[in-house]
>>> print(open('coords_14.tsv').read())   # TSV, C-alpha atoms
chain	number	residue	atom	x	y	z
N	1	MET	CA	-40.71	158.48	82.41
N	2	LYS	CA	-39.92	156.14	79.54
N	3	GLN	CA	-40.32	157.35	75.96
N	4	ARG	CA	-43.07	155.28	74.30
N	5	ILE	CA	-42.29	154.39	70.71
N	6	THR	CA	-44.15	153.07	67.70
N	7	VAL	CA	-41.90	151.43	65.11
N	8	LEU	CA	-43.53	151.35	61.67
N	9	GLY	CA	-41.75	148.77	59.54
N	10	SER	CA	-40.16	146.98	62.48
N	11	THR	CA	-39.03	143.87	60.60
N	12	GLY	CA	-37.04	145.80	57.98
N	13	SER	CA	-33.40	146.81	58.40
N	14	ILE	CA	-34.18	150.24	59.90
N	15	GLY	CA	-36.83	148.81	62.21
N	16	ALA	CA	-34.55	146.01	63.41
N	17	ASN	CA	-31.72	148.47	64.07
N	18	THR	CA	-34.14	150.73	65.96
N	19	LEU	CA	-35.14	147.86	68.21
N	20	ASP	CA	-31.48	147.01	68.73
N	21	VAL	CA	-30.84	150.53	70.05
N	22	ILE	CA	-34.01	150.47	72.18
N	23	ALA	CA	-32.98	147.15	73.73
N	24	ARG	CA	-29.72	148.73	74.89
N	25	HIS	CA	-31.62	151.32	76.95
N	26	PRO	CA	-34.51	149.53	78.71
N	27	GLY	CA	-34.79	152.24	81.33
N	28	ARG	CA	-35.26	154.94	78.72
N	29	PHE	CA	-37.49	153.50	75.98
N	30	GLU	CA	-40.65	151.40	75.82
N	31	VAL	CA	-42.11	149.89	72.63
N	32	PHE	CA	-45.80	150.75	72.28
N	33	ALA	CA	-46.51	149.32	68.81
N	34	LEU	CA	-44.80	147.48	65.97
N	35	SER	CA	-45.83	147.04	62.35
N	36	ALA	CA	-44.82	144.83	59.44
N	37	ALA	CA	-46.11	143.88	56.02
N	38	SER	CA	-46.49	140.10	56.17
N	39	GLN	CA	-43.48	138.73	58.09
N	40	VAL	CA	-45.25	136.76	60.83
N	41	GLU	CA	-42.26	134.92	62.34
N	42	PRO	CA	-39.99	137.98	62.78
N	43	MET	CA	-42.92	139.95	64.21
N	44	LEU	CA	-43.71	137.16	66.67
N	45	ARG	CA	-40.11	137.20	67.90
N	46	GLN	CA	-40.19	140.98	68.29
N	47	CYS	CA	-43.47	140.84	70.20
N	48	ALA	CA	-42.06	138.20	72.53
N	49	GLN	CA	-39.00	140.35	73.25
N	50	PHE	CA	-40.58	143.82	73.52
N	51	GLN	CA	-44.21	142.99	74.43
N	52	PRO	CA	-45.83	145.95	72.67
N	53	ALA	CA	-49.45	146.86	73.25
N	54	PHE	CA	-50.16	146.55	69.51
N	55	ALA	CA	-48.78	144.74	66.48
N	56	VAL	CA	-50.05	145.77	63.04
N	57	MET	CA	-49.85	143.68	59.88
N	58	ALA	CA	-50.63	144.93	56.38
N	59	GLY	CA	-53.13	142.20	55.53
N	60	GLU	CA	-55.86	140.31	57.34
N	61	THR	CA	-54.41	136.85	56.66
N	62	ALA	CA	-51.01	137.67	58.16
N	63	ALA	CA	-52.73	139.36	61.11
N	64	ALA	CA	-54.83	136.26	61.80
N	65	GLN	CA	-51.74	134.05	61.69
N	66	LEU	CA	-49.88	136.37	64.04
N	67	ALA	CA	-52.83	136.63	66.45
N	68	SER	CA	-53.01	132.86	66.67
N	69	ARG	CA	-49.30	132.56	67.38
N	70	ILE	CA	-49.38	135.36	69.95
N	71	LYS	CA	-52.30	133.74	71.79
N	72	ALA	CA	-50.49	130.39	71.82
N	73	ALA	CA	-47.40	132.09	73.24
N	74	GLY	CA	-49.43	133.67	76.04
N	75	LEU	CA	-48.58	137.24	74.99
N	76	ALA	CA	-50.89	140.19	75.64
N	77	THR	CA	-50.14	142.07	72.40
N	78	ARG	CA	-53.26	143.02	70.43
N	79	VAL	CA	-53.03	142.39	66.68
N	80	LEU	CA	-54.52	144.83	64.15
N	81	TRP	CA	-54.27	145.08	60.38
N	82	GLY	CA	-54.60	147.55	57.53
N	83	GLN	CA	-53.92	151.18	56.81
N	84	SER	CA	-56.30	152.60	59.42
N	85	ALA	CA	-54.55	150.54	62.10
N	86	LEU	CA	-51.18	151.97	61.05
N	87	GLU	CA	-52.56	155.47	61.36
N	88	GLU	CA	-54.04	154.60	64.76
N	89	VAL	CA	-50.76	153.42	66.29
N	90	ALA	CA	-48.88	156.35	64.70
N	91	SER	CA	-51.18	158.95	66.22
N	92	HIS	CA	-52.23	157.21	69.47
N	93	GLU	CA	-52.33	159.48	72.51
N	94	SER	CA	-50.01	157.11	74.41
N	95	VAL	CA	-47.23	157.42	71.82
N	96	ASP	CA	-44.37	159.90	72.18
N	97	THR	CA	-42.18	158.96	69.20
N	98	VAL	CA	-42.82	157.31	65.84
N	99	MET	CA	-40.07	155.66	63.81
N	100	ALA	CA	-41.36	155.85	60.22
N	101	ALA	CA	-39.50	153.09	58.38
N	102	ILE	CA	-42.13	151.69	56.01
N	103	VAL	CA	-40.56	151.60	52.55
N	104	GLY	CA	-42.09	153.64	49.75
N	105	ALA	CA	-45.33	155.55	49.34
N	106	ALA	CA	-47.11	152.93	51.49
N	107	GLY	CA	-45.82	154.75	54.56
N	108	LEU	CA	-47.18	158.17	53.60
N	109	ALA	CA	-50.57	158.06	55.37
N	110	SER	CA	-49.16	156.89	58.71
N	111	CYS	CA	-46.42	159.54	58.53
N	112	LEU	CA	-49.06	162.20	57.97
N	113	ALA	CA	-51.09	160.84	60.89
N	114	ALA	CA	-48.08	161.12	63.20
N	115	ALA	CA	-47.33	164.63	61.93
N	116	ARG	CA	-50.89	165.82	62.49
N	117	ALA	CA	-50.87	164.35	66.00
N	118	GLY	CA	-47.77	166.32	66.97
N	119	LYS	CA	-45.49	163.34	67.55
N	120	ARG	CA	-41.72	163.28	67.53
N	121	LEU	CA	-41.33	161.77	64.08
N	122	LEU	CA	-38.12	159.95	63.18
N	123	LEU	CA	-38.29	159.92	59.41
N	124	ALA	CA	-36.52	157.05	57.69
N	125	ASN	CA	-39.13	156.95	54.92
N	126	LYS	CA	-37.81	159.57	52.49
N	127	GLU	CA	-40.84	159.05	50.27
N	128	ALA	CA	-43.06	160.90	52.76
N	129	LEU	CA	-41.28	164.10	51.77
N	130	VAL	CA	-40.56	163.19	48.16
N	131	VAL	CA	-44.25	162.43	47.61
N	132	GLY	CA	-45.85	164.67	50.22
N	133	GLY	CA	-43.51	167.66	50.13
N	134	GLU	CA	-45.30	170.84	51.16
N	135	LEU	CA	-48.41	168.94	52.30
N	136	PHE	CA	-46.38	166.89	54.76
N	137	MET	CA	-44.39	169.85	56.12
N	138	GLY	CA	-47.62	171.83	56.53
N	139	ALA	CA	-49.21	169.02	58.54
N	140	LEU	CA	-46.12	168.82	60.73
N	141	GLN	CA	-46.17	172.55	61.41
N	142	ARG	CA	-49.87	172.58	62.26
N	143	GLY	CA	-49.50	169.53	64.51
N	144	GLY	CA	-46.62	171.08	66.44
N	145	GLY	CA	-44.49	167.98	66.34
N	146	THR	CA	-40.76	167.48	65.84
N	147	LEU	CA	-39.23	166.02	62.69
N	148	LEU	CA	-35.84	164.34	62.94
N	149	PRO	CA	-34.35	162.84	59.75
N	150	ILE	CA	-32.92	159.35	60.10
N	151	ASP	CA	-31.34	158.91	56.67
N	152	SER	CA	-27.62	159.05	57.46
N	153	GLU	CA	-27.12	161.96	55.05
N	154	HIS	CA	-29.96	164.13	56.30
N	155	CYS	CA	-29.19	163.35	59.93
N	156	ALA	CA	-25.61	164.47	59.24
N	157	ILE	CA	-26.86	167.71	57.66
N	158	PHE	CA	-29.20	168.34	60.59
N	159	GLN	CA	-26.27	167.95	63.00
N	160	SER	CA	-24.10	170.28	60.89
N	161	LEU	CA	-26.59	173.13	60.53
N	162	PRO	CA	-27.04	176.03	62.99
N	163	GLU	CA	-29.55	175.33	65.75
N	164	ASP	CA	-31.80	178.20	64.59
N	165	PRO	CA	-33.57	177.21	61.34
N	166	ALA	CA	-34.43	180.86	60.69
N	167	SER	CA	-30.72	181.52	60.12
N	168	TRP	CA	-30.10	178.73	57.61
N	169	ASP	CA	-30.77	180.74	54.47
N	170	ALA	CA	-28.54	183.62	55.50
N	171	ARG	CA	-25.65	181.65	57.00
N	172	VAL	CA	-25.46	178.60	54.74
N	173	ASP	CA	-23.99	178.64	51.24
N	174	LYS	CA	-24.88	175.08	50.25
N	175	ILE	CA	-25.58	171.57	51.47
N	176	ILE	CA	-23.35	168.77	50.19
N	177	LEU	CA	-24.78	165.25	50.28
N	178	THR	CA	-22.24	162.46	50.02
N	179	ALA	CA	-22.84	159.29	48.02
N	180	SER	CA	-20.86	156.08	48.18
N	181	GLY	CA	-21.33	155.35	44.49
N	182	GLY	CA	-22.75	151.93	45.32
N	183	PRO	CA	-21.51	148.68	43.82
N	184	PHE	CA	-21.07	150.05	40.27
N	185	ARG	CA	-19.03	153.21	40.89
N	186	THR	CA	-16.19	152.01	38.64
N	187	ARG	CA	-18.13	149.75	36.30
N	188	GLU	CA	-18.21	150.53	32.59
N	189	PRO	CA	-21.59	152.16	31.82
N	190	ALA	CA	-22.11	149.98	28.74
N	191	THR	CA	-22.03	146.83	30.87
N	192	LEU	CA	-24.82	147.91	33.27
N	193	ARG	CA	-27.44	146.34	31.02
N	194	HIS	CA	-26.17	142.95	32.22
N	195	VAL	CA	-26.44	143.66	35.98
N	196	THR	CA	-28.39	141.06	38.00
N	197	PRO	CA	-30.59	141.80	41.03
N	198	GLU	CA	-28.07	140.01	43.25
N	199	GLU	CA	-25.25	142.25	42.03
N	200	ALA	CA	-27.35	145.39	42.46
N	201	CYS	CA	-28.24	144.46	46.05
N	202	ALA	CA	-24.61	143.86	47.10
N	203	HIS	CA	-23.77	147.28	48.55
N	204	PRO	CA	-20.10	147.66	49.51
N	205	ASN	CA	-20.69	149.64	52.73
N	206	TRP	CA	-24.28	149.35	53.97
N	207	VAL	CA	-26.62	146.45	54.78
N	208	MET	CA	-30.04	147.48	53.49
N	209	GLY	CA	-33.27	146.13	52.03
N	210	ARG	CA	-33.48	145.16	48.36
N	211	LYS	CA	-35.37	148.22	47.11
N	212	ILE	CA	-33.07	150.79	48.69
N	213	SER	CA	-30.04	148.74	47.66
N	214	VAL	CA	-31.12	148.95	44.03
N	215	ASP	CA	-31.74	152.69	44.47
N	216	SER	CA	-28.18	153.01	45.74
N	217	ALA	CA	-26.88	151.07	42.74
N	218	THR	CA	-28.70	153.38	40.29
N	219	MET	CA	-28.04	156.44	42.49
N	220	MET	CA	-31.78	157.14	42.48
N	221	ASN	CA	-31.54	157.09	46.27
N	222	LYS	CA	-29.41	160.22	46.01
N	223	ALA	CA	-31.90	161.86	43.65
N	224	LEU	CA	-34.66	161.20	46.19
N	225	GLU	CA	-32.42	162.49	48.99
N	226	VAL	CA	-31.83	165.76	47.12
N	227	ILE	CA	-35.60	166.20	46.90
N	228	GLU	CA	-35.98	165.32	50.58
N	229	ALA	CA	-33.28	167.84	51.53
N	230	ARG	CA	-35.09	170.54	49.59
N	231	PHE	CA	-38.22	170.11	51.72
N	232	LEU	CA	-36.42	169.40	55.00
N	233	PHE	CA	-34.03	172.33	54.97
N	234	GLY	CA	-35.71	174.86	52.68
N	235	LEU	CA	-32.73	175.76	50.53
N	236	ALA	CA	-33.17	176.30	46.79
N	237	PRO	CA	-32.35	173.27	44.60
N	238	GLU	CA	-29.27	174.96	43.15
N	239	ARG	CA	-27.80	175.11	46.66
N	240	LEU	CA	-27.92	171.32	46.98
N	241	GLU	CA	-24.91	169.38	45.73
N	242	VAL	CA	-23.91	165.72	45.58
N	243	VAL	CA	-20.34	164.40	45.76
N	244	ILE	CA	-19.22	160.78	45.60
N	245	HIS	CA	-17.32	159.65	48.69
N	246	PRO	CA	-16.68	155.90	48.39
N	247	GLN	CA	-15.65	155.30	52.01
N	248	SER	CA	-19.01	156.49	53.50
N	249	VAL	CA	-17.22	158.02	56.50
N	250	ILE	CA	-18.34	161.62	55.95
N	251	HIS	CA	-22.11	161.32	55.82
N	252	SER	CA	-22.79	164.85	54.53
N	253	MET	CA	-21.55	168.43	54.88
N	254	VAL	CA	-22.72	172.02	55.15
N	255	GLN	CA	-20.70	174.80	53.54
N	256	TYR	CA	-21.19	178.19	55.15
N	257	ARG	CA	-21.03	181.70	53.66
N	258	ASP	CA	-17.51	182.17	54.99
N	259	ALA	CA	-16.39	179.06	53.02
N	260	SER	CA	-15.95	176.93	56.16
N	261	VAL	CA	-17.39	173.42	56.02
N	262	VAL	CA	-18.98	171.48	58.89
N	263	ALA	CA	-19.25	167.72	58.37
N	264	GLN	CA	-20.51	164.76	60.39
N	265	LEU	CA	-18.35	161.62	60.40
N	266	GLY	CA	-18.98	158.11	61.66
N	267	THR	CA	-18.90	154.44	60.82
N	268	PRO	CA	-21.47	153.34	58.19
N	269	ASP	CA	-23.94	151.93	60.73
N	270	MET	CA	-27.58	153.04	60.79
N	271	ARG	CA	-27.74	152.68	64.56
N	272	VAL	CA	-25.81	155.97	64.82
N	273	PRO	CA	-28.50	158.23	63.27
N	274	ILE	CA	-31.22	156.12	64.88
N	275	ALA	CA	-29.75	156.62	68.35
N	276	TYR	CA	-29.36	160.33	67.62
N	277	GLY	CA	-33.04	160.63	66.70
N	278	LEU	CA	-34.29	158.58	69.63
N	279	ALA	CA	-32.33	160.53	72.24
N	280	TRP	CA	-32.15	164.03	70.70
N	281	PRO	CA	-31.00	166.43	72.04
N	282	ASP	CA	-29.12	163.96	74.25
N	283	ARG	CA	-26.56	161.44	73.04
N	284	ILE	CA	-26.70	157.75	73.93
N	285	ALA	CA	-24.71	154.63	73.06
N	286	SER	CA	-25.80	153.26	69.69
N	287	GLY	CA	-23.96	149.95	69.71
N	288	ALA	CA	-22.02	150.93	66.58
N	289	PRO	CA	-18.22	150.71	66.61
N	290	ALA	CA	-16.39	153.99	67.01
N	291	LEU	CA	-14.51	155.48	64.08
N	292	ASP	CA	-10.83	154.55	64.41
N	293	PHE	CA	-8.74	157.31	62.84
N	294	HIS	CA	-5.57	155.26	63.27
N	295	THR	CA	-6.80	152.63	60.83
N	296	LEU	CA	-8.96	154.88	58.65
N	297	ALA	CA	-8.13	154.62	54.97
N	298	ASP	CA	-7.63	157.71	52.87
N	299	MET	CA	-10.85	159.59	52.20
N	300	SER	CA	-11.51	160.41	48.56
N	301	PHE	CA	-14.11	162.42	46.66
N	302	GLU	CA	-15.29	162.36	43.06
N	303	SER	CA	-17.40	164.82	41.10
N	304	PHE	CA	-20.41	163.60	39.17
N	305	ASP	CA	-18.86	165.28	36.15
N	306	SER	CA	-15.84	162.96	36.27
N	307	ARG	CA	-15.13	159.29	35.55
N	308	GLY	CA	-18.26	158.74	33.48
N	309	HIS	CA	-20.60	159.12	36.45
N	310	ARG	CA	-23.23	161.08	34.50
N	311	GLU	CA	-23.49	158.20	32.02
N	312	ARG	CA	-23.32	155.58	34.77
N	313	PHE	CA	-25.96	157.25	36.96
N	314	PRO	CA	-28.30	159.26	34.68
N	315	GLY	CA	-31.08	159.24	37.26
N	316	ILE	CA	-29.35	161.70	39.59
N	317	ALA	CA	-30.21	164.67	37.34
N	318	LEU	CA	-33.93	163.86	37.62
N	319	ALA	CA	-33.93	165.33	41.15
N	320	TRP	CA	-33.30	168.88	40.00
N	321	GLU	CA	-35.55	168.46	36.96
N	322	ALA	CA	-38.43	167.30	39.16
N	323	LEU	CA	-37.91	170.14	41.64
N	324	ARG	CA	-38.03	172.70	38.81
N	325	ALA	CA	-41.17	171.11	37.33
N	326	PRO	CA	-44.78	171.69	38.50
N	327	PRO	CA	-45.68	170.62	42.06
N	328	GLY	CA	-46.43	166.92	42.22
N	329	THR	CA	-43.69	165.94	39.79
N	330	THR	CA	-41.54	164.54	42.58
N	331	ALA	CA	-44.42	162.20	43.49
N	332	VAL	CA	-44.56	161.02	39.88
N	333	LEU	CA	-40.83	160.30	39.91
N	334	ASN	CA	-41.06	158.34	43.17
N	335	ALA	CA	-43.95	156.18	41.94
N	336	ALA	CA	-42.20	155.49	38.64
N	337	ASN	CA	-39.02	154.45	40.39
N	338	GLU	CA	-40.81	152.08	42.78
N	339	VAL	CA	-42.51	150.35	39.85
N	340	ALA	CA	-39.30	150.22	37.83
N	341	VAL	CA	-37.23	148.79	40.70
N	342	ALA	CA	-39.87	146.12	41.36
N	343	ALA	CA	-39.86	145.20	37.67
N	344	PHE	CA	-36.07	144.88	37.71
N	345	LEU	CA	-36.04	142.76	40.88
N	346	GLU	CA	-38.61	140.48	39.23
N	347	GLN	CA	-36.32	140.40	36.16
N	348	ARG	CA	-38.97	141.86	33.85
N	349	ILE	CA	-36.72	144.74	32.75
N	350	ARG	CA	-32.97	145.31	32.66
N	351	PHE	CA	-31.09	147.37	35.24
N	352	ASP	CA	-30.41	150.19	32.76
N	353	GLN	CA	-34.11	150.32	31.87
N	354	ILE	CA	-35.06	151.57	35.35
N	355	HIS	CA	-34.05	155.04	34.18
N	356	GLU	CA	-36.00	154.62	30.95
N	357	VAL	CA	-39.17	153.82	32.88
N	358	ASN	CA	-38.66	156.86	35.11
N	359	VAL	CA	-38.18	159.22	32.17
N	360	ALA	CA	-41.12	157.77	30.24
N	361	THR	CA	-43.40	158.18	33.25
N	362	LEU	CA	-42.37	161.79	33.82
N	363	GLU	CA	-43.17	162.48	30.17
N	364	ALA	CA	-46.53	160.67	30.33
N	365	VAL	CA	-47.98	162.14	33.55
N	366	THR	CA	-48.83	165.82	33.96
N	367	PRO	CA	-49.50	166.47	37.67
N	368	SER	CA	-51.62	169.12	39.29
N	369	LYS	CA	-50.63	170.47	42.69
N	370	PRO	CA	-51.72	167.95	45.36
N	371	GLU	CA	-53.87	169.61	48.01
N	372	SER	CA	-54.72	166.54	50.11
N	373	LEU	CA	-53.71	162.97	50.85
N	374	GLU	CA	-56.39	161.83	48.43
N	375	ASP	CA	-54.80	163.95	45.69
N	376	LEU	CA	-51.41	162.41	46.42
N	377	LEU	CA	-52.77	158.87	46.35
N	378	GLU	CA	-54.60	159.53	43.06
N	379	LEU	CA	-51.43	160.97	41.50
N	380	ASP	CA	-49.40	158.07	42.85
N	381	ALA	CA	-51.83	155.53	41.33
N	382	ARG	CA	-51.89	157.31	37.98
N	383	SER	CA	-48.10	157.45	37.90
N	384	ARG	CA	-47.80	153.75	38.76
N	385	ASP	CA	-50.14	152.86	35.92
N	386	ALA	CA	-48.01	154.87	33.48
N	387	ALA	CA	-44.81	153.31	34.83
N	388	MET	CA	-46.27	149.82	34.55
N	389	ARG	CA	-47.19	150.46	30.93
N	390	ALA	CA	-43.67	151.74	30.26
N	391	SER	CA	-42.09	148.69	31.87
N	392	VAL	CA	-44.32	146.34	29.85
N	393	ARG	CA	-43.27	148.06	26.62
N	394	LEU	CA	-39.61	147.55	27.54
N	395	ALA	CA	-39.97	143.93	28.68
>>> encode(input="coords_14.tsv", output="structure tokens")
Amino acid sequence: MKQRITVLGSTGSIGANTLDVIARHPGRFEVFALSAASQVEPMLRQCAQFQPAFAVMAGETAAAQLASRIKAAGLATRVLWGQSALEEVASHESVDTVMAAIVGAAGLASCLAAARAGKRLLLANKEALVVGGELFMGALQRGGGTLLPIDSEHCAIFQSLPEDPASWDARVDKIILTASGGPFRTREPATLRHVTPEEACAHPNWVMGRKISVDSATMMNKALEVIEARFLFGLAPERLEVVIHPQSVIHSMVQYRDASVVAQLGTPDMRVPIAYGLAWPDRIASGAPALDFHTLADMSFESFDSRGHRERFPGIALAWEALRAPPGTTAVLNAANEVAVAAFLEQRIRFDQIHEVNVATLEAVTPSKPESLEDLLELDARSRDAAMRASVRLA
């Protein structure tokens, strides 16, 4: 029987790569539903190729445009719109697997719906854990589903850990997340105030969307990944480490109590972790080129305490600060960063002021422990308001 899949965020880079892998295995996978924000033309092309039962758009206008185009093309796909529709296709009884690739806190509710429904959840939206944390993991446990991380780093860690999660605390010394250093790894910190959005989005190794590309340039993506790893793998924050590895060949590592290290290597191509999640525990062809050790350049590693990295990437330390702070602080940090990155991309603040907005928001918002999705959304909205005020002051 084919595995029926909902792809949330299908027109983004993760969604497109997911569909690329699915297309390579037509006898194994079937697309049940797709979703996008407002990209009508890419969604129409995807519907024509994969003929899903449902296509979901964020807004009513885009949905009406898509429905008209789908009818004219003679396709049978039903078009829905809005948050409730996302939750419907994420939790539908006909769905086996959900690829959660909606960027930011906007994907939280649909991720929770899939978790509660007991789906196999391929999590490419790190914000679900950064914002939801214990609430999200609790919903997953009660729903009885399976969570497979799709971020290349967390997928690498998952592959490098023992199969029995109950043994992780006793057998593992620490988790080491690798970071490429992004486009500004060697740039003088004092010059970062002059960085343009185009420069920040030009990642040397990965092809990604604009928001995550900026996060990579500031290293806030790594701060969020540290928080995600804390909730995914249950180790204390002090047992999570980050090392800069410019070549992006080793995607992350696990150091065991006996000092041995298990690492996962591969080419920097998101189809590798996507194929792993889709087929787990099997392995299938991803379409990515194999790693060629005969032509592989030297692999190098840099500490965050060397080469001015602490000054260049001040946001990385916010991960551990947020994890030591009251519950809900990680949600505040995520909301602040989304607002700050948007302000930078719209050229309302400078690149180096992203960190200033994040710090100001953490100082301005005192969270209480979120007990529900409504609590999380209220905290997210309050944090965004504070971040917006901070960005206006800096503009």
>>> axis_aligned_box(input="coords_14.tsv", around="stretch 346-363 of chain N", padding_each_side="8 Å", output="JSON")
{"center_x": -36.9, "center_y": 151.4, "center_z": 34.7, "size_x": 29.0, "size_y": 38.1, "size_z": 25.1}
>>> closest_residue(input="coords_14.tsv", among="N:Pro268, N:Gly133, N:Gly308, N:Gly12", to="N:Met99", atoms="all atoms listed in the file")
N:Gly12
>>> closest_residue(input="coords_14.tsv", among="N:Leu135, N:Cys47, N:Leu345, N:Ala386", to="N:Leu19", atoms="all atoms listed in the file")
N:Cys47
>>> residues_around(input="coords_14.tsv", residues="N:Ile157", least_positions_apart="6", cutoff="10 Å", atoms="only C-alpha atoms", output="ChimeraX atom specification")
/N:149,151,175-177,229,233,251-254,262-264
>>> closest_residue(input="coords_14.tsv", among="N:Gln83, N:Asn337, N:Thr329, N:Ser68", to="N:Thr218", atoms="only C-alpha atoms")
N:Asn337
>>> residues_around(input="coords_14.tsv", residues="N:Lys211", least_positions_apart="2", cutoff="8 Å", atoms="only C-alpha atoms", output="list of chain:residue names")
N:Gly209, N:Ser213, N:Val214, N:Asp215, N:Glu338, N:Val341, N:Ala342
>>> write_last_selection(input="coords_14.tsv", atoms="C-alpha atoms", output="PDB file, in the frame of the given file")
ATOM      1  CA  GLY N 209     -33.270 146.130  52.030  1.00  0.00           C
ATOM      2  CA  SER N 213     -30.040 148.740  47.660  1.00  0.00           C
ATOM      3  CA  VAL N 214     -31.120 148.950  44.030  1.00  0.00           C
ATOM      4  CA  ASP N 215     -31.740 152.690  44.470  1.00  0.00           C
ATOM      5  CA  GLU N 338     -40.810 152.080  42.780  1.00  0.00           C
ATOM      6  CA  VAL N 341     -37.230 148.790  40.700  1.00  0.00           C
ATOM      7  CA  ALA N 342     -39.870 146.120  41.360  1.00  0.00           C
TER       8      ALA N 342
END
>>> residues_around(input="coords_14.tsv", residues="N:Val339", least_positions_apart="2", cutoff="12 Å", atoms="all atoms listed in the file", output="MDAnalysis selection string")
chainID N and resid 104:105 211 215 332:337 341:346 348:349 353:358 361 380:392
>>> atom_distance(input="coords_14.tsv", atom1="atom CA of N:Ser303", atom2="atom CA of N:Ile244")
6.3 Å
>>> atom_distance(input="coords_14.tsv", atom1="atom CA of N:Glu88", atom2="atom CA of N:Ser152")
27.8 Å
>>> closest_atom_pairs(input="coords_14.tsv", of="stretch 209-283 of chain N", to="stretch 310-318 of chain N", cutoff="9 Å", atoms="all atoms listed in the file", output="JSON lines")
{"residue": "N:Ala217", "atom": "CA", "partner": "N:Phe313", "partner_atom": "CA", "distance": 8.5}
{"residue": "N:Thr218", "atom": "CA", "partner": "N:Phe313", "partner_atom": "CA", "distance": 5.8}
{"residue": "N:Met219", "atom": "CA", "partner": "N:Phe313", "partner_atom": "CA", "distance": 6.0}
{"residue": "N:Met220", "atom": "CA", "partner": "N:Gly315", "partner_atom": "CA", "distance": 5.7}
{"residue": "N:Asn221", "atom": "CA", "partner": "N:Ile316", "partner_atom": "CA", "distance": 8.4}
{"residue": "N:Lys222", "atom": "CA", "partner": "N:Ile316", "partner_atom": "CA", "distance": 6.6}
{"residue": "N:Ala223", "atom": "CA", "partner": "N:Ile316", "partner_atom": "CA", "distance": 4.8}
{"residue": "N:Leu224", "atom": "CA", "partner": "N:Ile316", "partner_atom": "CA", "distance": 8.5}
{"residue": "N:Val226", "atom": "CA", "partner": "N:Ile316", "partner_atom": "CA", "distance": 8.9}
>>> closest_residue(input="coords_14.tsv", among="N:Ala325, N:Leu379, N:Ala319, N:Val172", to="N:Ser260", atoms="only C-alpha atoms")
N:Val172
>>> residues_around(input="coords_14.tsv", residues="N:Gln255", least_positions_apart="4", cutoff="6 Å", atoms="only C-alpha atoms", output="list in words")
Asp173, Lys174, Ser260 and Val261 of chain N
>>> closest_residue(input="coords_14.tsv", among="N:Ala285, N:Ala101, N:Ile212, N:Met137", to="N:Ala16", atoms="only C-alpha atoms")
N:Ala101
>>> atom_distance(input="coords_14.tsv", atom1="atom CA of N:Arg271", atom2="atom CA of N:Gln39")
22.0 Å
>>> closest_residue(input="coords_14.tsv", among="N:Arg350, N:Arg120, N:His245, N:Arg393", to="N:Glu153", atoms="all atoms listed in the file")
N:His245
>>> residues_around(input="coords_14.tsv", residues="stretch 108-112 of chain N", least_positions_apart="5", cutoff="6 Å", atoms="only C-alpha atoms", output="list of chain:residue names")
N:Leu86, N:Glu87, N:Ala128
>>> build_atoms(input="coords_14.tsv", residues="stretch 49-57 of chain N", atoms="N, CA, C and O atoms", output="CSV table (one decimal), in the coordinates of the input")
chain,number,residue,atom,x,y,z
N,49,GLN,N,-40.1,139.6,72.6
N,49,GLN,CA,-39.0,140.4,73.2
N,49,GLN,C,-39.5,141.7,73.9
N,49,GLN,O,-39.1,142.0,75.0
N,50,PHE,N,-40.3,142.5,73.1
N,50,PHE,CA,-40.6,143.8,73.5
N,50,PHE,C,-42.0,144.0,74.1
N,50,PHE,O,-42.3,145.0,74.7
N,51,GLN,N,-42.9,143.0,73.9
N,51,GLN,CA,-44.2,143.0,74.4
N,51,GLN,C,-44.9,144.3,74.2
N,51,GLN,O,-45.4,145.0,75.2
N,52,PRO,N,-45.1,144.7,72.9
N,52,PRO,CA,-45.8,146.0,72.7
N,52,PRO,C,-47.3,145.8,72.9
N,52,PRO,O,-47.9,144.7,73.0
N,53,ALA,N,-48.0,146.9,73.1
N,53,ALA,CA,-49.4,146.9,73.2
N,53,ALA,C,-50.1,146.4,72.0
N,53,ALA,O,-51.1,145.7,72.0
N,54,PHE,N,-49.6,146.8,70.8
N,54,PHE,CA,-50.2,146.6,69.5
N,54,PHE,C,-49.1,146.0,68.5
N,54,PHE,O,-48.0,146.5,68.6
N,55,ALA,N,-49.6,145.2,67.6
N,55,ALA,CA,-48.8,144.7,66.5
N,55,ALA,C,-49.7,144.8,65.3
N,55,ALA,O,-50.8,144.3,65.3
N,56,VAL,N,-49.2,145.5,64.2
N,56,VAL,CA,-50.0,145.8,63.0
N,56,VAL,C,-49.4,145.1,61.8
N,56,VAL,O,-48.3,145.2,61.5
N,57,MET,N,-50.3,144.3,61.1
N,57,MET,CA,-49.8,143.7,59.9
N,57,MET,C,-50.6,144.3,58.7
N,57,MET,O,-51.7,144.9,58.9
